[in-house]
file final.txt (compact mmCIF, C-alpha atoms)
# COMPACT_ATOMS: atom_id res chain seq x y z
CA MET A 1 -72.54 34.79 9.45
CA PRO A 2 -69.69 32.90 11.11
CA GLN A 3 -67.16 32.06 8.41
CA GLU A 4 -66.76 28.58 9.86
CA LEU A 5 -70.32 27.59 8.79
CA ARG A 6 -70.01 24.40 6.74
CA ALA A 7 -72.91 22.56 5.18
CA VAL A 8 -70.58 19.57 4.76
CA ASP A 9 -67.91 18.57 7.27
CA TRP A 10 -65.85 15.43 7.89
CA THR A 11 -65.69 14.37 11.54
CA GLY A 12 -63.08 11.62 11.26
CA ASN A 13 -65.49 8.71 10.82
CA SER A 14 -68.72 10.29 9.57
CA LEU A 15 -70.02 13.08 7.37
CA ALA A 16 -71.74 15.91 9.27
CA LEU A 17 -74.43 17.61 7.19
CA ILE A 18 -76.52 20.61 8.21
CA ASP A 19 -80.06 19.36 7.60
CA GLN A 20 -81.47 21.90 5.18
CA THR A 21 -84.93 20.35 5.24
CA VAL A 22 -85.64 21.75 8.72
CA LEU A 23 -84.18 25.27 8.38
CA PRO A 24 -85.02 27.94 9.42
CA GLN A 25 -87.17 26.55 12.22
CA ARG A 26 -84.38 24.33 13.56
CA THR A 27 -80.64 24.00 13.05
CA GLU A 28 -79.74 20.33 13.13
CA THR A 29 -76.77 18.29 12.01
CA ARG A 30 -77.10 14.78 10.55
CA HIS A 31 -74.17 12.43 11.00
CA ILE A 32 -73.96 10.13 7.99
CA ARG A 33 -72.04 6.89 8.43
CA ASP A 34 -73.08 4.76 5.46
CA VAL A 35 -73.79 4.92 1.76
CA ASP A 36 -77.56 4.48 2.07
CA GLY A 37 -77.67 7.41 4.46
CA LEU A 38 -75.70 9.66 2.11
CA VAL A 39 -77.73 8.75 -0.98
CA ASP A 40 -80.91 9.44 0.98
CA ALA A 41 -79.55 12.77 2.26
CA ILE A 42 -78.68 13.90 -1.26
CA ARG A 43 -82.03 12.84 -2.73
CA ARG A 44 -84.07 14.36 0.13
CA LEU A 45 -82.09 17.62 -0.08
CA VAL A 46 -80.67 17.37 3.42
CA VAL A 47 -77.58 18.51 1.53
CA ARG A 48 -78.17 20.45 -1.68
CA GLY A 49 -76.49 22.91 -4.01
CA ALA A 50 -74.15 21.59 -6.67
CA PRO A 51 -70.83 22.44 -4.93
CA ALA A 52 -72.03 21.13 -1.54
CA ILE A 53 -73.25 17.92 -3.16
CA GLY A 54 -69.87 17.62 -4.84
CA ALA A 55 -68.06 17.93 -1.52
CA ALA A 56 -70.42 15.39 0.07
CA GLY A 57 -69.81 12.99 -2.81
CA ALA A 58 -66.06 13.39 -2.45
CA TYR A 59 -66.23 12.36 1.20
CA GLY A 60 -68.75 9.70 0.21
CA VAL A 61 -65.94 7.69 -1.36
CA ALA A 62 -64.33 7.50 2.09
CA LEU A 63 -67.67 6.55 3.67
CA ALA A 64 -68.01 3.67 1.20
CA MET A 65 -64.48 2.48 1.97
CA LEU A 66 -65.10 2.57 5.73
CA GLN A 67 -68.43 0.78 5.39
CA GLY A 68 -66.85 -1.81 3.14
CA GLU A 69 -64.15 -2.43 5.74
CA ARG A 70 -66.75 -2.84 8.49
CA GLU A 71 -68.98 -5.15 6.48
CA GLY A 72 -66.39 -7.16 4.56
CA TRP A 73 -67.19 -5.82 1.09
CA SER A 74 -65.11 -6.68 -1.94
CA ARG A 75 -63.43 -3.95 -3.97
CA GLU A 76 -66.19 -4.28 -6.57
CA GLN A 77 -68.89 -3.83 -3.92
CA VAL A 78 -67.24 -0.67 -2.64
CA LEU A 79 -67.00 0.76 -6.16
CA ALA A 80 -70.64 -0.14 -6.82
CA ALA A 81 -71.61 1.76 -3.67
CA VAL A 82 -69.60 4.76 -4.84
CA ALA A 83 -71.43 4.61 -8.18
CA ARG A 84 -74.75 4.87 -6.32
CA ILE A 85 -73.53 8.06 -4.63
CA ARG A 86 -72.32 9.44 -7.97
CA GLU A 87 -75.76 9.03 -9.55
CA ALA A 88 -77.85 10.22 -6.59
CA ARG A 89 -78.75 13.51 -8.35
CA PRO A 90 -78.21 13.35 -12.10
CA THR A 91 -78.34 17.05 -13.05
CA ALA A 92 -75.65 18.35 -10.68
CA VAL A 93 -72.41 17.64 -12.56
CA ASN A 94 -70.25 18.63 -9.56
CA LEU A 95 -71.27 15.41 -7.82
CA MET A 96 -69.90 13.28 -10.64
CA VAL A 97 -66.79 15.41 -11.16
CA CYS A 98 -65.82 15.37 -7.48
CA VAL A 99 -66.48 11.66 -7.00
CA ASP A 100 -64.43 10.86 -10.10
CA ARG A 101 -61.58 13.08 -8.89
CA VAL A 102 -61.39 11.39 -5.50
CA LEU A 103 -61.65 7.94 -7.09
CA THR A 104 -58.27 8.55 -8.74
CA ARG A 105 -56.79 8.10 -5.24
CA PHE A 106 -58.86 5.02 -4.38
CA ASP A 107 -56.00 2.54 -4.76
CA ASP A 108 -53.76 4.71 -2.59
CA GLY A 109 -55.92 4.05 0.47
CA LEU A 110 -58.28 5.85 2.81
CA ASP A 111 -55.88 8.60 3.91
CA ALA A 112 -55.22 9.58 0.29
CA VAL A 113 -58.95 9.63 -0.48
CA LEU A 114 -59.65 11.84 2.55
CA ALA A 115 -56.83 14.18 1.60
CA GLU A 116 -58.27 14.56 -1.90
CA ALA A 117 -61.78 15.15 -0.55
CA ALA A 118 -60.43 17.81 1.82
CA ALA A 119 -58.71 19.45 -1.16
CA VAL A 120 -62.03 19.50 -3.04
CA GLN A 121 -63.64 21.29 -0.10
CA ARG A 122 -60.76 23.71 0.43
CA GLU A 123 -60.55 24.61 -3.26
CA ASP A 124 -64.28 25.27 -3.47
CA VAL A 125 -64.13 27.81 -0.64
CA ALA A 126 -61.19 29.56 -2.34
CA ALA A 127 -63.02 29.50 -5.68
CA ASN A 128 -66.14 31.00 -4.12
CA ARG A 129 -64.23 33.89 -2.61
CA ALA A 130 -62.48 34.54 -5.93
CA MET A 131 -65.71 34.54 -7.92
CA GLY A 132 -67.31 36.81 -5.33
CA ALA A 133 -64.61 39.41 -5.94
CA PHE A 134 -64.68 38.96 -9.74
CA GLY A 135 -68.46 39.12 -9.88
CA ALA A 136 -68.83 42.18 -7.67
CA ASP A 137 -66.18 44.08 -9.62
CA TRP A 138 -67.77 43.17 -12.97
CA LEU A 139 -71.28 44.14 -11.81
CA LEU A 140 -70.21 47.51 -10.47
CA LYS A 141 -68.50 48.36 -13.75
CA ARG A 142 -71.34 46.97 -15.88
CA VAL A 143 -74.20 48.67 -14.03
CA GLY A 144 -72.26 51.91 -13.75
CA VAL A 145 -74.27 53.63 -11.04
CA ASP A 146 -72.93 55.67 -8.15
CA ARG A 147 -75.14 54.08 -5.50
CA PRO A 148 -75.50 50.68 -3.82
CA LEU A 149 -77.03 47.99 -6.05
CA ARG A 150 -80.43 46.31 -5.87
CA VAL A 151 -80.02 42.63 -6.67
CA LEU A 152 -82.41 39.73 -7.30
CA THR A 153 -81.48 36.10 -6.70
CA HIS A 154 -83.22 32.75 -7.11
CA CYS A 155 -82.89 29.60 -4.98
CA ASN A 156 -80.02 29.31 -2.48
CA THR A 157 -76.39 29.75 -3.49
CA GLY A 158 -74.70 30.61 -0.21
CA ALA A 159 -72.59 28.78 2.33
CA LEU A 160 -75.36 26.20 2.66
CA ALA A 161 -75.10 25.30 -1.03
CA THR A 162 -71.32 25.13 -1.23
CA ALA A 163 -68.26 24.14 0.76
CA GLY A 164 -68.33 27.66 2.20
CA TRP A 165 -69.01 31.37 1.43
CA GLY A 166 -71.24 30.88 -1.64
CA THR A 167 -71.40 31.42 -5.41
CA ALA A 168 -74.10 33.93 -6.39
CA LEU A 169 -74.66 34.74 -2.73
CA GLY A 170 -70.89 35.08 -2.42
CA VAL A 171 -71.03 37.92 -4.97
CA ILE A 172 -73.84 39.49 -2.95
CA ARG A 173 -71.85 39.12 0.28
CA GLU A 174 -68.87 40.82 -1.37
CA LEU A 175 -71.05 43.76 -2.48
CA HIS A 176 -72.42 44.04 1.05
CA ALA A 177 -68.93 43.93 2.56
CA GLN A 178 -67.96 46.86 0.34
CA GLY A 179 -71.05 48.86 1.39
CA LEU A 180 -72.35 48.69 -2.17
CA LEU A 181 -75.53 46.66 -1.71
CA GLU A 182 -78.88 48.32 -1.06
CA VAL A 183 -81.25 45.36 -0.98
CA VAL A 184 -81.74 41.78 -2.17
CA TYR A 185 -84.96 40.40 -3.64
CA ALA A 186 -84.92 36.69 -2.77
CA ASP A 187 -87.35 34.59 -4.78
CA GLU A 188 -89.10 32.10 -2.48
CA THR A 189 -88.23 29.30 -4.96
CA ARG A 190 -91.13 26.89 -5.24
CA PRO A 191 -91.88 24.14 -4.50
CA LEU A 192 -89.40 23.60 -1.63
CA LEU A 193 -88.77 27.27 -0.75
CA GLN A 194 -84.98 27.26 -0.79
CA GLY A 195 -85.11 31.03 -1.17
CA SER A 196 -87.44 31.88 1.68
CA ARG A 197 -86.13 29.17 4.01
CA LEU A 198 -82.40 29.16 3.26
CA THR A 199 -81.32 32.29 1.39
CA ALA A 200 -83.34 34.53 3.68
CA TRP A 201 -81.85 32.72 6.69
CA GLU A 202 -78.34 33.37 5.42
CA LEU A 203 -79.15 37.02 4.67
CA VAL A 204 -80.50 37.47 8.20
CA GLN A 205 -77.29 36.01 9.68
CA GLU A 206 -75.29 38.45 7.57
CA GLY A 207 -77.48 41.47 8.35
CA ILE A 208 -78.24 42.07 4.66
CA PRO A 209 -81.49 43.99 3.90
CA HIS A 210 -83.82 41.88 1.79
CA PHE A 211 -87.33 41.07 0.66
CA VAL A 212 -88.68 37.56 0.12
CA GLN A 213 -91.01 37.51 -2.87
CA ALA A 214 -93.12 34.93 -4.68
CA ASP A 215 -91.43 33.49 -7.76
CA GLY A 216 -94.24 34.93 -9.88
CA ALA A 217 -93.39 38.45 -8.65
CA ALA A 218 -89.82 38.38 -9.98
CA ALA A 219 -90.53 39.41 -13.56
CA GLY A 220 -92.66 42.34 -12.48
CA THR A 221 -90.04 43.50 -9.98
CA ILE A 222 -87.45 43.48 -12.75
CA LEU A 223 -89.65 45.17 -15.38
CA ARG A 224 -90.65 47.93 -12.95
CA GLY A 225 -87.00 48.94 -12.70
CA GLU A 226 -86.56 47.86 -9.09
CA VAL A 227 -83.57 45.59 -9.81
CA ASP A 228 -80.11 46.51 -11.11
CA ALA A 229 -78.99 42.92 -11.72
CA ALA A 230 -79.96 39.30 -11.16
CA ILE A 231 -77.39 36.83 -9.87
CA VAL A 232 -78.01 33.07 -9.80
CA GLY A 233 -76.02 29.87 -9.45
CA ALA A 234 -75.91 26.78 -11.66
CA ASP A 235 -76.08 23.01 -11.44
CA ARG A 236 -74.64 22.32 -14.90
CA ILE A 237 -73.32 24.58 -17.66
CA ALA A 238 -73.04 23.27 -21.22
CA ALA A 239 -70.16 24.14 -23.54
CA ASN A 240 -72.26 26.77 -25.36
CA GLY A 241 -73.24 28.51 -22.11
CA ASP A 242 -76.73 27.02 -21.72
CA THR A 243 -77.22 26.68 -17.96
CA ALA A 244 -79.35 24.37 -15.83
CA ASN A 245 -80.42 25.89 -12.54
CA LYS A 246 -83.33 25.64 -10.11
CA VAL A 247 -86.67 25.70 -11.91
CA GLY A 248 -87.89 29.28 -12.34
CA THR A 249 -84.50 30.66 -13.33
CA VAL A 250 -85.28 30.96 -17.04
CA GLY A 251 -88.21 33.30 -16.29
CA VAL A 252 -85.86 35.62 -14.41
CA ALA A 253 -83.45 35.57 -17.36
CA LEU A 254 -86.22 36.41 -19.84
CA ALA A 255 -87.37 39.35 -17.75
CA CYS A 256 -83.79 40.63 -17.44
CA ALA A 257 -83.31 40.39 -21.20
CA ASP A 258 -86.48 42.39 -21.83
CA ALA A 259 -85.55 45.03 -19.25
CA GLY A 260 -81.89 45.27 -20.30
CA VAL A 261 -80.76 44.20 -16.83
CA PRO A 262 -77.57 42.11 -16.42
CA PHE A 263 -78.20 38.43 -15.68
CA LEU A 264 -75.12 36.92 -14.04
CA VAL A 265 -74.45 33.23 -13.39
CA ALA A 266 -71.89 32.48 -10.67
CA ALA A 267 -70.49 28.96 -10.54
CA PRO A 268 -67.14 27.17 -10.13
CA THR A 269 -65.49 25.62 -13.17
CA THR A 270 -66.44 22.17 -11.82
CA THR A 271 -70.01 23.05 -12.85
CA VAL A 272 -69.00 23.50 -16.49
CA ASP A 273 -69.57 20.32 -18.50
CA VAL A 274 -67.63 20.82 -21.73
CA ALA A 275 -68.62 17.31 -22.86
CA THR A 276 -72.25 18.48 -23.12
CA ALA A 277 -72.56 20.68 -26.20
CA THR A 278 -75.86 22.40 -25.42
CA GLY A 279 -78.57 22.53 -22.80
CA ALA A 280 -80.56 19.97 -24.78
CA GLY A 281 -78.10 17.36 -23.52
CA ILE A 282 -78.59 18.18 -19.82
CA HIS A 283 -80.69 15.63 -17.97
CA ILE A 284 -83.44 17.37 -16.01
CA GLU A 285 -84.36 15.62 -12.78
CA LEU A 286 -88.10 15.05 -12.27
CA ARG A 287 -88.92 14.94 -8.58
CA ASP A 288 -91.89 13.39 -6.81
CA GLU A 289 -95.20 14.98 -7.79
CA SER A 290 -96.23 15.28 -4.14
CA GLU A 291 -93.92 18.31 -3.81
CA VAL A 292 -96.30 20.35 -5.99
CA LEU A 293 -99.59 18.63 -5.16
CA GLU A 294 -99.27 18.85 -1.37
CA TRP A 295 -98.33 21.39 1.29
CA SER A 296 -96.84 20.03 4.52
CA GLY A 297 -98.39 16.67 3.75
CA VAL A 298 -101.86 18.11 3.05
CA ARG A 299 -103.24 17.65 -0.46
CA THR A 300 -103.89 21.06 -2.09
CA ALA A 301 -104.75 19.88 -5.62
CA PRO A 302 -107.71 17.71 -6.65
CA THR A 303 -107.07 14.02 -6.11
CA SER A 304 -107.30 13.35 -9.85
CA SER A 305 -104.67 15.99 -10.72
CA ARG A 306 -101.17 14.91 -11.73
CA GLY A 307 -98.04 16.83 -10.78
CA HIS A 308 -95.27 17.99 -13.12
CA ASN A 309 -92.20 18.70 -11.02
CA PRO A 310 -88.95 19.36 -12.90
CA ALA A 311 -86.29 20.38 -10.40
CA PHE A 312 -84.42 22.51 -12.93
CA ASP A 313 -84.85 24.46 -16.14
CA VAL A 314 -82.29 25.44 -18.77
CA THR A 315 -81.53 29.09 -19.51
CA PRO A 316 -80.16 29.56 -23.08
CA GLY A 317 -76.70 31.06 -23.20
CA ARG A 318 -77.98 33.97 -25.30
CA LEU A 319 -79.88 35.20 -22.22
CA ILE A 320 -76.87 35.02 -19.89
CA THR A 321 -75.02 38.31 -19.77
CA ALA A 322 -72.01 36.81 -18.04
CA LEU A 323 -70.66 33.75 -16.25
CA VAL A 324 -68.33 34.33 -13.33
CA THR A 325 -66.03 31.54 -12.15
CA GLU A 326 -62.91 31.49 -10.01
CA ARG A 327 -60.94 32.23 -13.21
CA GLY A 328 -62.77 35.45 -14.05
CA VAL A 329 -65.81 36.58 -16.03
CA LEU A 330 -66.99 35.40 -19.46
CA GLU A 331 -69.54 37.54 -21.28
CA VAL A 332 -71.51 34.60 -22.63
CA SER A 333 -74.17 36.47 -24.61
CA ALA A 334 -71.34 38.32 -26.37
CA GLY A 335 -69.83 35.03 -27.56
CA GLU A 336 -67.33 34.15 -24.83
CA LEU A 337 -68.30 30.51 -24.41
CA PRO A 338 -67.25 28.22 -21.56
CA GLY A 339 -66.57 25.37 -23.99
CA ASP A 340 -63.88 27.51 -25.63
CA ARG A 341 -62.42 29.16 -22.55
CA LEU A 342 -62.87 26.76 -19.64
CA ARG A 343 -61.61 23.43 -20.94
CA PRO A 344 -58.97 21.79 -18.74
CA GLY A 345 -55.78 23.79 -19.14
CA GLY A 346 -57.67 26.59 -20.89
CA GLY A 347 -57.76 30.27 -20.08
call {"tool": "encode", "arguments": {"input": "final.txt", "output": "C-alpha cells"}}
result
Amino acid sequence: MPQELRAVDWTGNSLALIDQTVLPQRTETRHIRDVDGLVDAIRRLVVRGAPAIGAAGAYGVALAMLQGEREGWSREQVLAAVARIREARPTAVNLMVCVDRVLTRFDDGLDAVLAEAAAVQREDVAANRAMGAFGADWLLKRVGVDRPLRVLTHCNTGALATAGWGTALGVIRELHAQGLLEVVYADETRPLLQGSRLTAWELVQEGIPHFVQADGAAAGTILRGEVDAAIVGADRIAANGDTANKVGTVGVALACADAGVPFLVAAPTTTVDVATATGAGIHIELRDESEVLEWSGVRTAPTSSRGHNPAFDVTPGRLITALVTERGVLEVSAGELPGDRLRPGGG
C-alpha cells in the first residue's frame, strides 16, 4: 500500500476524506467544507476509526472557523459548531481529546489551529509505527514459535482508520514486513462489514495472505488452534483496562481466553480515558436499527421485528493479555493498568 494513503487530509480550505462507505467497489474522496458536512461524514462512517475521527475533528475546528468567517458567525456560534463536531460519535474518545487539544489554540487564530491539527495527524502516524514495532516484538516473544504467525483481527484498524499506517493492522503490517506473518483471519464485522470491505482491501493492497470469515466463525477458528494471536483496536480504554471496540470484539476475547491465545489491543494513548474508571462508564453508541434489519435497503427481518444495534461492546480488562501503545506494552491481565501507567506525564 502506498505510504501516502491518508483517510483524512487537509487541502488548504477543505477536509478531504476517503469515503469508506463505498469501498472496495469505488475509491472516492469527499471534500468537506462545512460543519454539517463533517458531522454527517462522521455519523455515516464516511470517516471512521477512533484515530481518524480524532484527526478529522482536529481539522474540524478550522472548518468551523472558516465557515464562521464566511457566514458572519459570532465566537459563540463557532464554538457551538465545534461542540457539535466533538459530540458526533460519543464512544470514540479520540474525537473529544483531539478537538479539545486544538481548541487550546483557538484564540491564536486559524494558522495556529491548523498547525496543531497537523501535529495531531503527524503524531498519530508516528505513534502507529511505534506501536507496530512494539506489538510485533512482544507477540513474537510471547508466542515463542519459530515460524510465521497466524493472526486474527476484527473490524478495520489500518491506514483507513487512523492518520496513517494503522494500529492493530500496523502490528500486522510490521510482522509481514519482517517475513513473520503466515496469514490473517479478518472477521467480516457485521453489520457494516468493515472487515470484509476495508481490512481485506488494505490487506490486498499490501499483498498479505488472508481469509475473510463470518464473525460467528471466529471463536471456532481460535478454538481449533488455527490462530496464534488476536489483535484488535479500541475506541475507548478505561483506567482499569476495560476496552470498548467494535461490537463482536468481546466474543473474540472470550475465545482467546479459553484457548490460551494472546489477545492484544493496539491503540494510541489518546484512546485511554483515565477519567473513566471502568467499562461500565463508557457510553455505547446505539445506531439505527435499519443496519441490522435491512441489507442494501431491502428488509430481511419481519416488519414487526425491532433491531438492537450497539456499535461497540466492552471487553473486560481481565481478558486483555496486553495493550500496546506508542509508549510500549502493558500486560493488562497481569495487573499493569493504563490508569496507573498512562496518565499524563506517566510512564
call {"tool": "residues_around", "arguments": {"input": "final.txt", "residues": "A:His154", "least_positions_apart": "2", "cutoff": "9 Å", "atoms": "only C-alpha atoms", "output": "NGL selection string"}}
result
:A and (152 or 156-157 or 185-189 or 194-195 or 199 or 215 or 230-233 or 246 or 248-249 or 252)
call {"tool": "closest_residue", "arguments": {"input": "final.txt", "among": "A:Asn13, A:Cys256, A:His176, A:Gly37", "to": "A:Arg70", "atoms": "all atoms listed in the file"}}
result
A:Asn13
call {"tool": "closest_residue", "arguments": {"input": "final.txt", "among": "A:Ser14, A:Thr153, A:Thr278, A:Thr21", "to": "A:Ala214", "atoms": "all atoms listed in the file"}}
result
A:Thr153
call {"tool": "closest_residue", "arguments": {"input": "final.txt", "among": "A:Ser290, A:Asn240, A:Thr276, A:Thr27", "to": "A:Thr315", "atoms": "only C-alpha atoms"}}
result
A:Asn240
call {"tool": "residues_around", "arguments": {"input": "final.txt", "residues": "A:Thr91", "least_positions_apart": "6", "cutoff": "12 Å", "atoms": "all atoms listed in the file", "output": "ChimeraX atom specification"}}
result
/A:43,48-50,53-54,97,234-238,243-246,271-273,276,279,281-287,310-314
call {"tool": "write_last_selection", "arguments": {"input": "final.txt", "atoms": "C-alpha atoms", "output": "PDB file, keeping the file's coordinate frame"}}
result
ATOM      1  CA  ARG A  43     -82.030  12.840  -2.730  1.00  0.00           C
ATOM      2  CA  ARG A  48     -78.170  20.450  -1.680  1.00  0.00           C
ATOM      3  CA  GLY A  49     -76.490  22.910  -4.010  1.00  0.00           C
ATOM      4  CA  ALA A  50     -74.150  21.590  -6.670  1.00  0.00           C
ATOM      5  CA  ILE A  53     -73.250  17.920  -3.160  1.00  0.00           C
ATOM      6  CA  GLY A  54     -69.870  17.620  -4.840  1.00  0.00           C
ATOM      7  CA  VAL A  97     -66.790  15.410 -11.160  1.00  0.00           C
ATOM      8  CA  ALA A 234     -75.910  26.780 -11.660  1.00  0.00           C
ATOM      9  CA  ASP A 235     -76.080  23.010 -11.440  1.00  0.00           C
ATOM     10  CA  ARG A 236     -74.640  22.320 -14.900  1.00  0.00           C
ATOM     11  CA  ILE A 237     -73.320  24.580 -17.660  1.00  0.00           C
ATOM     12  CA  ALA A 238     -73.040  23.270 -21.220  1.00  0.00           C
ATOM     13  CA  THR A 243     -77.220  26.680 -17.960  1.00  0.00           C
ATOM     14  CA  ALA A 244     -79.350  24.370 -15.830  1.00  0.00           C
ATOM     15  CA  ASN A 245     -80.420  25.890 -12.540  1.00  0.00           C
ATOM     16  CA  LYS A 246     -83.330  25.640 -10.110  1.00  0.00           C
ATOM     17  CA  THR A 271     -70.010  23.050 -12.850  1.00  0.00           C
ATOM     18  CA  VAL A 272     -69.000  23.500 -16.490  1.00  0.00           C
ATOM     19  CA  ASP A 273     -69.570  20.320 -18.500  1.00  0.00           C
ATOM     20  CA  THR A 276     -72.250  18.480 -23.120  1.00  0.00           C
ATOM     21  CA  GLY A 279     -78.570  22.530 -22.800  1.00  0.00           C
ATOM     22  CA  GLY A 281     -78.100  17.360 -23.520  1.00  0.00           C
ATOM     23  CA  ILE A 282     -78.590  18.180 -19.820  1.00  0.00           C
ATOM     24  CA  HIS A 283     -80.690  15.630 -17.970  1.00  0.00           C
ATOM     25  CA  ILE A 284     -83.440  17.370 -16.010  1.00  0.00           C
ATOM     26  CA  GLU A 285     -84.360  15.620 -12.780  1.00  0.00           C
ATOM     27  CA  LEU A 286     -88.100  15.050 -12.270  1.00  0.00           C
ATOM     28  CA  ARG A 287     -88.920  14.940  -8.580  1.00  0.00           C
ATOM     29  CA  PRO A 310     -88.950  19.360 -12.900  1.00  0.00           C
ATOM     30  CA  ALA A 311     -86.290  20.380 -10.400  1.00  0.00           C
ATOM     31  CA  PHE A 312     -84.420  22.510 -12.930  1.00  0.00           C
ATOM     32  CA  ASP A 313     -84.850  24.460 -16.140  1.00  0.00           C
ATOM     33  CA  VAL A 314     -82.290  25.440 -18.770  1.00  0.00           C
TER      34      VAL A 314
END
call {"tool": "closest_residue", "arguments": {"input": "final.txt", "among": "A:Val82, A:Ala7, A:Val46, A:Ala112", "to": "A:Val22", "atoms": "all atoms listed in the file"}}
result
A:Val46
call {"tool": "atom_distance", "arguments": {"input": "final.txt", "atom1": "atom CA of A:Pro302", "atom2": "atom CA of A:Val247"}}
result
23.1 Å
call {"tool": "closest_residue", "arguments": {"input": "final.txt", "among": "A:Leu140, A:Val212, A:Arg318, A:Leu160", "to": "A:Gln20", "atoms": "all atoms listed in the file"}}
result
A:Leu160
call {"tool": "residues_around", "arguments": {"input": "final.txt", "residues": "A:Glu182", "least_positions_apart": "2", "cutoff": "6 Å", "atoms": "only C-alpha atoms", "output": "ChimeraX atom specification"}}
result
/A:148-150
call {"tool": "residues_around", "arguments": {"input": "final.txt", "residues": "stretch 126-137 of chain A", "least_positions_apart": "3", "cutoff": "6 Å", "atoms": "only C-alpha atoms", "output": "PDB file with C-alpha atoms, in the coordinates of the input"}}
result
ATOM      1  CA  GLU A 123     -60.550  24.610  -3.260  1.00  0.00           C
ATOM      2  CA  LEU A 140     -70.210  47.510 -10.470  1.00  0.00           C
ATOM      3  CA  GLY A 166     -71.240  30.880  -1.640  1.00  0.00           C
ATOM      4  CA  THR A 167     -71.400  31.420  -5.410  1.00  0.00           C
ATOM      5  CA  GLY A 170     -70.890  35.080  -2.420  1.00  0.00           C
ATOM      6  CA  VAL A 171     -71.030  37.920  -4.970  1.00  0.00           C
ATOM      7  CA  GLU A 174     -68.870  40.820  -1.370  1.00  0.00           C
ATOM      8  CA  LEU A 175     -71.050  43.760  -2.480  1.00  0.00           C
ATOM      9  CA  VAL A 324     -68.330  34.330 -13.330  1.00  0.00           C
ATOM     10  CA  THR A 325     -66.030  31.540 -12.150  1.00  0.00           C
ATOM     11  CA  GLU A 326     -62.910  31.490 -10.010  1.00  0.00           C
ATOM     12  CA  GLY A 328     -62.770  35.450 -14.050  1.00  0.00           C
TER      13      GLY A 328
END
call {"tool": "atom_distance", "arguments": {"input": "final.txt", "atom1": "atom CA of A:Ala257", "atom2": "atom CA of A:Thr321"}}
result
8.7 Å
call {"tool": "closest_residue", "arguments": {"input": "final.txt", "among": "A:Pro262, A:Pro191, A:Pro316, A:Gly179", "to": "A:Glu289", "atoms": "only C-alpha atoms"}}
result
A:Pro191
call {"tool": "atom_distance", "arguments": {"input": "final.txt", "atom1": "atom CA of A:His210", "atom2": "atom CA of A:Pro24"}}
result
15.9 Å
call {"tool": "residues_around", "arguments": {"input": "final.txt", "residues": "stretch 57-65 of chain A", "least_positions_apart": "6", "cutoff": "9 Å", "atoms": "only C-alpha atoms", "output": "mmCIF file with C-alpha atoms, in the frame of the given file"}}
result
data_model
loop_
_atom_site.group_PDB
_atom_site.id
_atom_site.type_symbol
_atom_site.label_atom_id
_atom_site.label_comp_id
_atom_site.auth_asym_id
_atom_site.auth_seq_id
_atom_site.Cartn_x
_atom_site.Cartn_y
_atom_site.Cartn_z
ATOM 1 C CA ASP A 9 -67.910 18.570 7.270
ATOM 2 C CA TRP A 10 -65.850 15.430 7.890
ATOM 3 C CA ASN A 13 -65.490 8.710 10.820
ATOM 4 C CA SER A 14 -68.720 10.290 9.570
ATOM 5 C CA LEU A 15 -70.020 13.080 7.370
ATOM 6 C CA ILE A 32 -73.960 10.130 7.990
ATOM 7 C CA ARG A 33 -72.040 6.890 8.430
ATOM 8 C CA ASP A 34 -73.080 4.760 5.460
ATOM 9 C CA VAL A 35 -73.790 4.920 1.760
ATOM 10 C CA LEU A 38 -75.700 9.660 2.110
ATOM 11 C CA TRP A 73 -67.190 -5.820 1.090
ATOM 12 C CA ARG A 75 -63.430 -3.950 -3.970
ATOM 13 C CA VAL A 78 -67.240 -0.670 -2.640
ATOM 14 C CA LEU A 79 -67.000 0.760 -6.160
ATOM 15 C CA ALA A 81 -71.610 1.760 -3.670
ATOM 16 C CA VAL A 82 -69.600 4.760 -4.840
ATOM 17 C CA ILE A 85 -73.530 8.060 -4.630
ATOM 18 C CA ARG A 86 -72.320 9.440 -7.970
ATOM 19 C CA ASN A 94 -70.250 18.630 -9.560
ATOM 20 C CA LEU A 95 -71.270 15.410 -7.820
ATOM 21 C CA MET A 96 -69.900 13.280 -10.640
ATOM 22 C CA VAL A 97 -66.790 15.410 -11.160
ATOM 23 C CA CYS A 98 -65.820 15.370 -7.480
ATOM 24 C CA VAL A 99 -66.480 11.660 -7.000
ATOM 25 C CA ASP A 100 -64.430 10.860 -10.100
ATOM 26 C CA ARG A 101 -61.580 13.080 -8.890
ATOM 27 C CA VAL A 102 -61.390 11.390 -5.500
ATOM 28 C CA LEU A 103 -61.650 7.940 -7.090
ATOM 29 C CA PHE A 106 -58.860 5.020 -4.380
ATOM 30 C CA GLY A 109 -55.920 4.050 0.470
ATOM 31 C CA LEU A 110 -58.280 5.850 2.810
ATOM 32 C CA ASP A 111 -55.880 8.600 3.910
ATOM 33 C CA VAL A 113 -58.950 9.630 -0.480
ATOM 34 C CA LEU A 114 -59.650 11.840 2.550
ATOM 35 C CA GLU A 116 -58.270 14.560 -1.900
ATOM 36 C CA ALA A 117 -61.780 15.150 -0.550
ATOM 37 C CA ALA A 118 -60.430 17.810 1.820
ATOM 38 C CA VAL A 120 -62.030 19.500 -3.040
ATOM 39 C CA GLN A 121 -63.640 21.290 -0.100
#
call {"tool": "axis_aligned_box", "arguments": {"input": "final.txt", "around": "stretch 70-83 of chain A", "padding_each_side": "6 Å", "output": "AutoDock Vina command-line options"}}
result
--center_x -67.5 --center_y -1.2 --center_z 0.2 --size_x 20.2 --size_y 23.9 --size_z 28.7
